[in-house]
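Student: Below you will find the structure I want to go over with you.
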Amino acid sequence: MTINLPEVPTKIKTERLLLRMPMPGDGQVVNAAIHASLDDLKPWLAFAQEEPSPQGTEINQLESHLNFLKREVLRYLIFEKETGNFIGSTGFHSIEWDVPKMEIGYWLDSNAAGKGYMIEAVSALTDLAFATLKCNRLEIQCDAENFKSRAIPEKLGFILEGILKNDERSVDGKRLTDTCIYAKFA
């Protein structure tokens, strides 16, 4: 089966934000934000279990750039329009173009928390998924105990389809966790 992949914008502008695909040289600002937010990210994200090196983060950004071009993972870096400061990352992964469906993931620099930036970014991606990418299903999955992450789909009208009990190991490997599955449909 041949699937015609849609054109995907490399930049998205919202009222306060610029979202754009990762580019060579982005590793430094992303690495600084991860280091500044490590305590908040560590309970939930595997990449935050150890302090990443600047070189490792740069390599990750280059891989993300290539994955974006191949339409395999569509990561967007989030910048404040007013200051140009990098504040987080969001994007689409687990993409199945033949359905089409995908999942949104996200993380935010702790210094930018509490300002509604992630709601704004995920809302823009939700609009993009349905209007431009013609998705039939859009998911957000998160640890049931990550209440800040759960607030995003709940505020944006995603439906909690269920909670998968003992679904994953915690990122530190010490316990089993439950996973919330939120979804929106075309």
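Just so we're on the same page: first chain in the structure tokens is A, next is B, and so on; residues restart at 1 for each chain, and ligands are numbered from 1 in the order they show up.
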Can you pull out the residues contacting Phe158 of chain A? Cut-off 8 Å, using only C-alpha atoms, and skip same-chain residues under 6 positions away; I want them as a list in words.

Tutor: Tyr182, Ala183 and Lys184 of chain A

Student: For Ser123 of chain A, work out the shell of residues within 12 Å, counting only C-alpha atoms and skipping chain neighbours fewer than 2 positions away, then give it as JSON, numbers by chain.

Tutor: {"A": [12, 13, 14, 15, 17, 19, 90, 91, 104, 106, 116, 117, 118, 119, 120, 121, 125, 126, 127, 128, 129, 130, 138, 152, 153, 154, 155, 156, 157, 158, 184]}

Student: Quick one: contact table of segment 24-77 of chain A to segment 165-181 of chain A, 12 Å max, nearest atom pair and distance in Å to one decimal per residue, counting only C-alpha atoms, chain and number order, as JSON lines?

Tutor:
```
{"residue": "A:Leu41", "atom": "CA", "partner": "A:Val171", "partner_atom": "CA", "distance": 10.4}
{"residue": "A:Lys42", "atom": "CA", "partner": "A:Val171", "partner_atom": "CA", "distance": 7.9}
{"residue": "A:Pro43", "atom": "CA", "partner": "A:Val171", "partner_atom": "CA", "distance": 6.8}
{"residue": "A:Trp44", "atom": "CA", "partner": "A:Val171", "partner_atom": "CA", "distance": 6.3}
{"residue": "A:Leu45", "atom": "CA", "partner": "A:Val171", "partner_atom": "CA", "distance": 6.3}
{"residue": "A:Ala46", "atom": "CA", "partner": "A:Val171", "partner_atom": "CA", "distance": 5.3}
{"residue": "A:Phe47", "atom": "CA", "partner": "A:Val171", "partner_atom": "CA", "distance": 9.0}
{"residue": "A:Ala48", "atom": "CA", "partner": "A:Val171", "partner_atom": "CA", "distance": 9.0}
{"residue": "A:Gln49", "atom": "CA", "partner": "A:Asp172", "partner_atom": "CA", "distance": 7.2}
{"residue": "A:Glu50", "atom": "CA", "partner": "A:Asp172", "partner_atom": "CA", "distance": 10.4}
```

Student: Return as a VMD selection string the full set of residues in segment 77-133 of chain A whose backbone-based DSSP assignment is alpha helix (DSSP H).

Tutor: chain A and resid 117 to 131

Student: Include N, CA and C atoms and write out the residues we just selected as a PDB file, in the first residue's frame.

Tutor:
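Wrote result-v3.pdb, looks like this:
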```pdb
ATOM      1  N   TYR A 117       1.598  27.723  28.723  1.00  0.00           N
ATOM      2  CA  TYR A 117       2.305  27.527  27.461  1.00  0.00           C
ATOM      3  C   TYR A 117       2.041  26.147  26.856  1.00  0.00           C
ATOM      4  N   MET A 118       2.034  25.115  27.685  1.00  0.00           N
ATOM      5  CA  MET A 118       1.854  23.781  27.116  1.00  0.00           C
ATOM      6  C   MET A 118       0.433  23.574  26.611  1.00  0.00           C
ATOM      7  N   ILE A 119      -0.546  24.144  27.286  1.00  0.00           N
ATOM      8  CA  ILE A 119      -1.922  24.089  26.771  1.00  0.00           C
ATOM      9  C   ILE A 119      -1.963  24.730  25.379  1.00  0.00           C
ATOM     10  N   GLU A 120      -1.314  25.873  25.243  1.00  0.00           N
ATOM     11  CA  GLU A 120      -1.291  26.593  23.967  1.00  0.00           C
ATOM     12  C   GLU A 120      -0.599  25.770  22.874  1.00  0.00           C
ATOM     13  N   ALA A 121       0.529  25.152  23.218  1.00  0.00           N
ATOM     14  CA  ALA A 121       1.276  24.362  22.239  1.00  0.00           C
ATOM     15  C   ALA A 121       0.515  23.107  21.832  1.00  0.00           C
ATOM     16  N   VAL A 122      -0.021  22.376  22.791  1.00  0.00           N
ATOM     17  CA  VAL A 122      -0.732  21.133  22.485  1.00  0.00           C
ATOM     18  C   VAL A 122      -2.044  21.430  21.753  1.00  0.00           C
ATOM     19  N   SER A 123      -2.672  22.533  22.076  1.00  0.00           N
ATOM     20  CA  SER A 123      -3.876  22.942  21.345  1.00  0.00           C
ATOM     21  C   SER A 123      -3.542  23.186  19.865  1.00  0.00           C
ATOM     22  N   ALA A 124      -2.417  23.840  19.610  1.00  0.00           N
ATOM     23  CA  ALA A 124      -1.997  24.086  18.221  1.00  0.00           C
ATOM     24  C   ALA A 124      -1.707  22.774  17.504  1.00  0.00           C
ATOM     25  N   LEU A 125      -1.064  21.824  18.191  1.00  0.00           N
ATOM     26  CA  LEU A 125      -0.790  20.523  17.566  1.00  0.00           C
ATOM     27  C   LEU A 125      -2.083  19.749  17.321  1.00  0.00           C
ATOM     28  N   THR A 126      -3.022  19.862  18.227  1.00  0.00           N
ATOM     29  CA  THR A 126      -4.312  19.184  18.050  1.00  0.00           C
ATOM     30  C   THR A 126      -5.009  19.717  16.797  1.00  0.00           C
ATOM     31  N   ASP A 127      -5.012  21.029  16.638  1.00  0.00           N
ATOM     32  CA  ASP A 127      -5.607  21.630  15.433  1.00  0.00           C
ATOM     33  C   ASP A 127      -4.881  21.147  14.180  1.00  0.00           C
ATOM     34  N   LEU A 128      -3.554  21.137  14.218  1.00  0.00           N
ATOM     35  CA  LEU A 128      -2.757  20.672  13.079  1.00  0.00           C
ATOM     36  C   LEU A 128      -3.081  19.214  12.742  1.00  0.00           C
ATOM     37  N   ALA A 129      -3.196  18.377  13.773  1.00  0.00           N
ATOM     38  CA  ALA A 129      -3.447  16.945  13.556  1.00  0.00           C
ATOM     39  C   ALA A 129      -4.747  16.710  12.794  1.00  0.00           C
ATOM     40  N   PHE A 130      -5.790  17.424  13.171  1.00  0.00           N
ATOM     41  CA  PHE A 130      -7.083  17.180  12.537  1.00  0.00           C
ATOM     42  C   PHE A 130      -7.274  17.975  11.240  1.00  0.00           C
ATOM     43  N   ALA A 131      -6.865  19.223  11.213  1.00  0.00           N
ATOM     44  CA  ALA A 131      -7.117  20.065  10.048  1.00  0.00           C
ATOM     45  C   ALA A 131      -6.155  19.783   8.894  1.00  0.00           C
TER      46      ALA A 131
END
```

Student: Rank A:Lys134, A:His93, A:Lys148, A:His65 by their smallest atom-to-atom distance to Leu5 of chain A, using only C-alpha atoms, and report the top residue only.

Tutor: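 The answer is A:Lys134, which sits nearest to Leu5 of chain A.
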
Student: Can you list, as an MDAnalysis selection string, all residues belonging to segment 45-167 of chain A that DSSP tags as strand (DSSP E or B)?

Tutor: chainID A and resid 74:80 86:96 101:108 137:143 159:167

Student: For Ala32 of chain A, please output as a PyMOL selection string all residues within 12 Å (counting only C-alpha atoms; exclusion window: fewer than 2 positions along the same chain).

Tutor: chain A and resi 26-30+34-38+51-55+57-58+85-88+109-111

Student: Write out the residues from the selection above, keeping N, CA and C atoms, as a CSV table (one decimal), in the first residue's frame.

Tutor:
```
chain,number,residue,atom,x,y,z
A,26,ASP,N,20.7,23.2,18.0
A,26,ASP,CA,19.7,23.4,19.1
A,26,ASP,C,20.1,22.6,20.4
A,27,GLY,N,21.0,21.7,20.3
A,27,GLY,CA,21.3,20.9,21.5
A,27,GLY,C,21.7,21.7,22.7
A,28,GLN,N,22.4,22.8,22.5
A,28,GLN,CA,22.8,23.6,23.7
A,28,GLN,C,21.7,24.2,24.5
A,29,VAL,N,20.7,24.8,23.8
A,29,VAL,CA,19.5,25.4,24.6
A,29,VAL,C,18.6,24.3,25.2
A,30,VAL,N,18.5,23.2,24.4
A,30,VAL,CA,17.7,22.1,25.0
A,30,VAL,C,18.4,21.4,26.2
A,34,ILE,N,16.9,21.1,30.0
A,34,ILE,CA,16.8,19.8,30.7
A,34,ILE,C,17.5,19.8,32.0
A,35,HIS,N,18.7,20.4,32.1
A,35,HIS,CA,19.5,20.5,33.3
A,35,HIS,C,18.7,21.3,34.3
A,36,ALA,N,18.1,22.5,33.9
A,36,ALA,CA,17.4,23.3,34.8
A,36,ALA,C,16.1,22.7,35.3
A,37,SER,N,15.6,21.7,34.6
A,37,SER,CA,14.3,21.1,35.0
A,37,SER,C,14.5,19.6,35.4
A,38,LEU,N,15.7,19.1,35.6
A,38,LEU,CA,15.9,17.7,35.8
A,38,LEU,C,15.1,17.2,37.0
A,51,GLU,N,21.9,13.1,33.9
A,51,GLU,CA,22.2,14.4,33.2
A,51,GLU,C,22.7,14.1,31.8
A,52,PRO,N,22.0,14.6,30.8
A,52,PRO,CA,22.5,14.4,29.4
A,52,PRO,C,23.7,15.3,29.1
A,53,SER,N,24.6,14.9,28.3
A,53,SER,CA,25.8,15.7,27.9
A,53,SER,C,25.3,16.6,26.8
A,54,PRO,N,26.0,17.8,26.7
A,54,PRO,CA,25.6,18.6,25.5
A,54,PRO,C,25.8,17.9,24.2
A,55,GLN,N,26.8,17.1,24.0
A,55,GLN,CA,27.0,16.4,22.8
A,55,GLN,C,25.8,15.4,22.5
A,57,THR,N,22.8,15.6,23.7
A,57,THR,CA,21.6,16.3,23.4
A,57,THR,C,21.6,16.8,21.9
A,58,GLU,N,22.8,17.3,21.5
A,58,GLU,CA,22.9,17.8,20.1
A,58,GLU,C,22.6,16.6,19.1
A,85,ASN,N,13.2,32.7,23.9
A,85,ASN,CA,13.8,31.7,24.8
A,85,ASN,C,13.1,30.3,24.5
A,86,PHE,N,14.0,29.3,24.5
A,86,PHE,CA,13.5,27.9,24.4
A,86,PHE,C,12.8,27.5,25.7
A,87,ILE,N,11.6,26.9,25.7
A,87,ILE,CA,10.9,26.6,26.9
A,87,ILE,C,10.4,25.2,27.0
A,88,GLY,N,10.6,24.4,25.9
A,88,GLY,CA,10.1,23.0,26.0
A,88,GLY,C,10.0,22.3,24.7
A,109,ASP,N,10.2,23.3,30.3
A,109,ASP,CA,11.3,23.8,31.2
A,109,ASP,C,10.5,24.3,32.5
A,110,SER,N,11.0,23.9,33.6
A,110,SER,CA,10.4,24.3,34.9
A,110,SER,C,10.2,25.8,35.0
A,111,ASN,N,11.1,26.6,34.5
A,111,ASN,CA,11.0,28.0,34.6
A,111,ASN,C,9.8,28.6,33.8
```

Student: Excluding Gly84 of chain A and any residue of its chain fewer than 5 positions from it, enumerate the residues within 10 Å of it, using only C-alpha atoms, and give them as a list in words.

Tutor: Leu17, Leu18, Ile78 and Phe79 of chain A

Student: I'd like the contact shell of Phe68 of chain A - 12 Å cut-off, only C-alpha atoms, skipping same-chain residues fewer than 3 positions apart - returned as a list of chain:residue names.

Tutor: A:Leu5, A:Glu7, A:Val8, A:Pro9, A:Thr10, A:Lys11, A:Arg20, A:Met21, A:Pro22, A:Met23, A:Gln61, A:Leu62, A:Glu63, A:Ser64, A:His65, A:Arg71, A:Glu72, A:Val73, A:Leu74, A:Arg75, A:Tyr76, A:Leu77, A:Gly91, A:Phe92, A:His93, A:Ile95

Student: How would the residues just picked look written out with N, CA and C atoms as a PDB file, in the first residue's frame?

Tutor:
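Heads up, here's the output in out-v3.pdb:
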```pdb
ATOM      1  N   LEU A   5       2.191  10.922   2.152  1.00  0.00           N
ATOM      2  CA  LEU A   5       2.418  11.643   3.397  1.00  0.00           C
ATOM      3  C   LEU A   5       2.103  13.115   3.191  1.00  0.00           C
ATOM      4  N   GLU A   7       2.093  17.240   3.651  1.00  0.00           N
ATOM      5  CA  GLU A   7       3.066  18.287   3.960  1.00  0.00           C
ATOM      6  C   GLU A   7       2.882  18.644   5.435  1.00  0.00           C
ATOM      7  N   VAL A   8       3.981  18.781   6.129  1.00  0.00           N
ATOM      8  CA  VAL A   8       3.933  19.104   7.554  1.00  0.00           C
ATOM      9  C   VAL A   8       4.684  20.413   7.754  1.00  0.00           C
ATOM     10  N   PRO A   9       4.029  21.403   8.373  1.00  0.00           N
ATOM     11  CA  PRO A   9       4.733  22.667   8.586  1.00  0.00           C
ATOM     12  C   PRO A   9       5.919  22.487   9.527  1.00  0.00           C
ATOM     13  N   THR A  10       7.018  23.141   9.191  1.00  0.00           N
ATOM     14  CA  THR A  10       8.207  23.076  10.042  1.00  0.00           C
ATOM     15  C   THR A  10       8.139  24.104  11.158  1.00  0.00           C
ATOM     16  N   LYS A  11       7.208  25.072  11.028  1.00  0.00           N
ATOM     17  CA  LYS A  11       7.002  26.099  12.059  1.00  0.00           C
ATOM     18  C   LYS A  11       5.506  26.294  12.281  1.00  0.00           C
ATOM     19  N   ARG A  20       8.883  24.952  16.330  1.00  0.00           N
ATOM     20  CA  ARG A  20       9.583  24.629  15.085  1.00  0.00           C
ATOM     21  C   ARG A  20      10.324  23.321  15.232  1.00  0.00           C
ATOM     22  N   MET A  21      10.579  22.696  14.068  1.00  0.00           N
ATOM     23  CA  MET A  21      11.297  21.427  14.083  1.00  0.00           C
ATOM     24  C   MET A  21      12.718  21.654  14.596  1.00  0.00           C
ATOM     25  N   PRO A  22      13.316  20.648  15.213  1.00  0.00           N
ATOM     26  CA  PRO A  22      14.703  20.773  15.685  1.00  0.00           C
ATOM     27  C   PRO A  22      15.661  20.999  14.521  1.00  0.00           C
ATOM     28  N   MET A  23      16.681  21.782  14.803  1.00  0.00           N
ATOM     29  CA  MET A  23      17.690  22.120  13.798  1.00  0.00           C
ATOM     30  C   MET A  23      19.073  21.858  14.370  1.00  0.00           C
ATOM     31  N   GLN A  61      18.984  16.039  18.897  1.00  0.00           N
ATOM     32  CA  GLN A  61      18.307  17.044  18.079  1.00  0.00           C
ATOM     33  C   GLN A  61      18.518  16.781  16.587  1.00  0.00           C
ATOM     34  N   LEU A  62      19.727  16.349  16.220  1.00  0.00           N
ATOM     35  CA  LEU A  62      19.993  16.004  14.817  1.00  0.00           C
ATOM     36  C   LEU A  62      19.150  14.813  14.378  1.00  0.00           C
ATOM     37  N   GLU A  63      19.047  13.799  15.251  1.00  0.00           N
ATOM     38  CA  GLU A  63      18.201  12.643  14.939  1.00  0.00           C
ATOM     39  C   GLU A  63      16.742  13.069  14.813  1.00  0.00           C
ATOM     40  N   SER A  64      16.308  13.971  15.683  1.00  0.00           N
ATOM     41  CA  SER A  64      14.929  14.464  15.616  1.00  0.00           C
ATOM     42  C   SER A  64      14.672  15.227  14.322  1.00  0.00           C
ATOM     43  N   HIS A  65      15.650  15.981  13.886  1.00  0.00           N
ATOM     44  CA  HIS A  65      15.544  16.703  12.617  1.00  0.00           C
ATOM     45  C   HIS A  65      15.340  15.710  11.460  1.00  0.00           C
ATOM     46  N   ARG A  71       9.161  12.013   8.372  1.00  0.00           N
ATOM     47  CA  ARG A  71       7.782  11.950   8.875  1.00  0.00           C
ATOM     48  C   ARG A  71       7.571  10.774   9.845  1.00  0.00           C
ATOM     49  N   GLU A  72       8.636  10.363  10.534  1.00  0.00           N
ATOM     50  CA  GLU A  72       8.533   9.256  11.488  1.00  0.00           C
ATOM     51  C   GLU A  72       8.166   9.743  12.884  1.00  0.00           C
ATOM     52  N   VAL A  73       8.762  10.830  13.317  1.00  0.00           N
ATOM     53  CA  VAL A  73       8.441  11.507  14.574  1.00  0.00           C
ATOM     54  C   VAL A  73       8.489  12.991  14.253  1.00  0.00           C
ATOM     55  N   LEU A  74       7.463  13.718  14.664  1.00  0.00           N
ATOM     56  CA  LEU A  74       7.383  15.142  14.351  1.00  0.00           C
ATOM     57  C   LEU A  74       7.544  15.955  15.634  1.00  0.00           C
ATOM     58  N   ARG A  75       8.782  16.152  16.043  1.00  0.00           N
ATOM     59  CA  ARG A  75       9.062  16.912  17.261  1.00  0.00           C
ATOM     60  C   ARG A  75       9.125  18.396  16.919  1.00  0.00           C
ATOM     61  N   TYR A  76       8.548  19.189  17.817  1.00  0.00           N
ATOM     62  CA  TYR A  76       8.640  20.640  17.718  1.00  0.00           C
ATOM     63  C   TYR A  76       9.270  21.180  18.988  1.00  0.00           C
ATOM     64  N   LEU A  77      10.241  22.076  18.837  1.00  0.00           N
ATOM     65  CA  LEU A  77      10.795  22.800  19.966  1.00  0.00           C
ATOM     66  C   LEU A  77       9.930  24.032  20.182  1.00  0.00           C
ATOM     67  N   GLY A  91       5.322  17.308  20.372  1.00  0.00           N
ATOM     68  CA  GLY A  91       5.313  16.745  19.033  1.00  0.00           C
ATOM     69  C   GLY A  91       4.521  15.460  18.946  1.00  0.00           C
ATOM     70  N   PHE A  92       4.562  14.892  17.750  1.00  0.00           N
ATOM     71  CA  PHE A  92       3.818  13.673  17.447  1.00  0.00           C
ATOM     72  C   PHE A  92       4.768  12.486  17.363  1.00  0.00           C
ATOM     73  N   HIS A  93       4.405  11.396  18.008  1.00  0.00           N
ATOM     74  CA  HIS A  93       5.141  10.141  17.877  1.00  0.00           C
ATOM     75  C   HIS A  93       4.125   9.004  17.788  1.00  0.00           C
ATOM     76  N   ILE A  95       3.333   7.424  15.238  1.00  0.00           N
ATOM     77  CA  ILE A  95       2.539   7.818  14.068  1.00  0.00           C
ATOM     78  C   ILE A  95       2.227   6.598  13.213  1.00  0.00           C
TER      79      ILE A  95
END
```

Student: What does the structure give for the distance between atom CA of Gln141 of chain A and atom CA of Asn31 of chain A, in Å to one decimal?

Tutor: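 Distance between the two atoms: 24.1 Å.
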
Student: In Å, rounded to a single decimal, give me how far atom CA of Asp98 of chain A is from atom CA of Gly162 of chain A.

Tutor: 24.1 Å

Student: So how far away is atom CA of Phe147 of chain A from atom CA of Lys81 of chain A, in Å?

Tutor: 27.2 Å
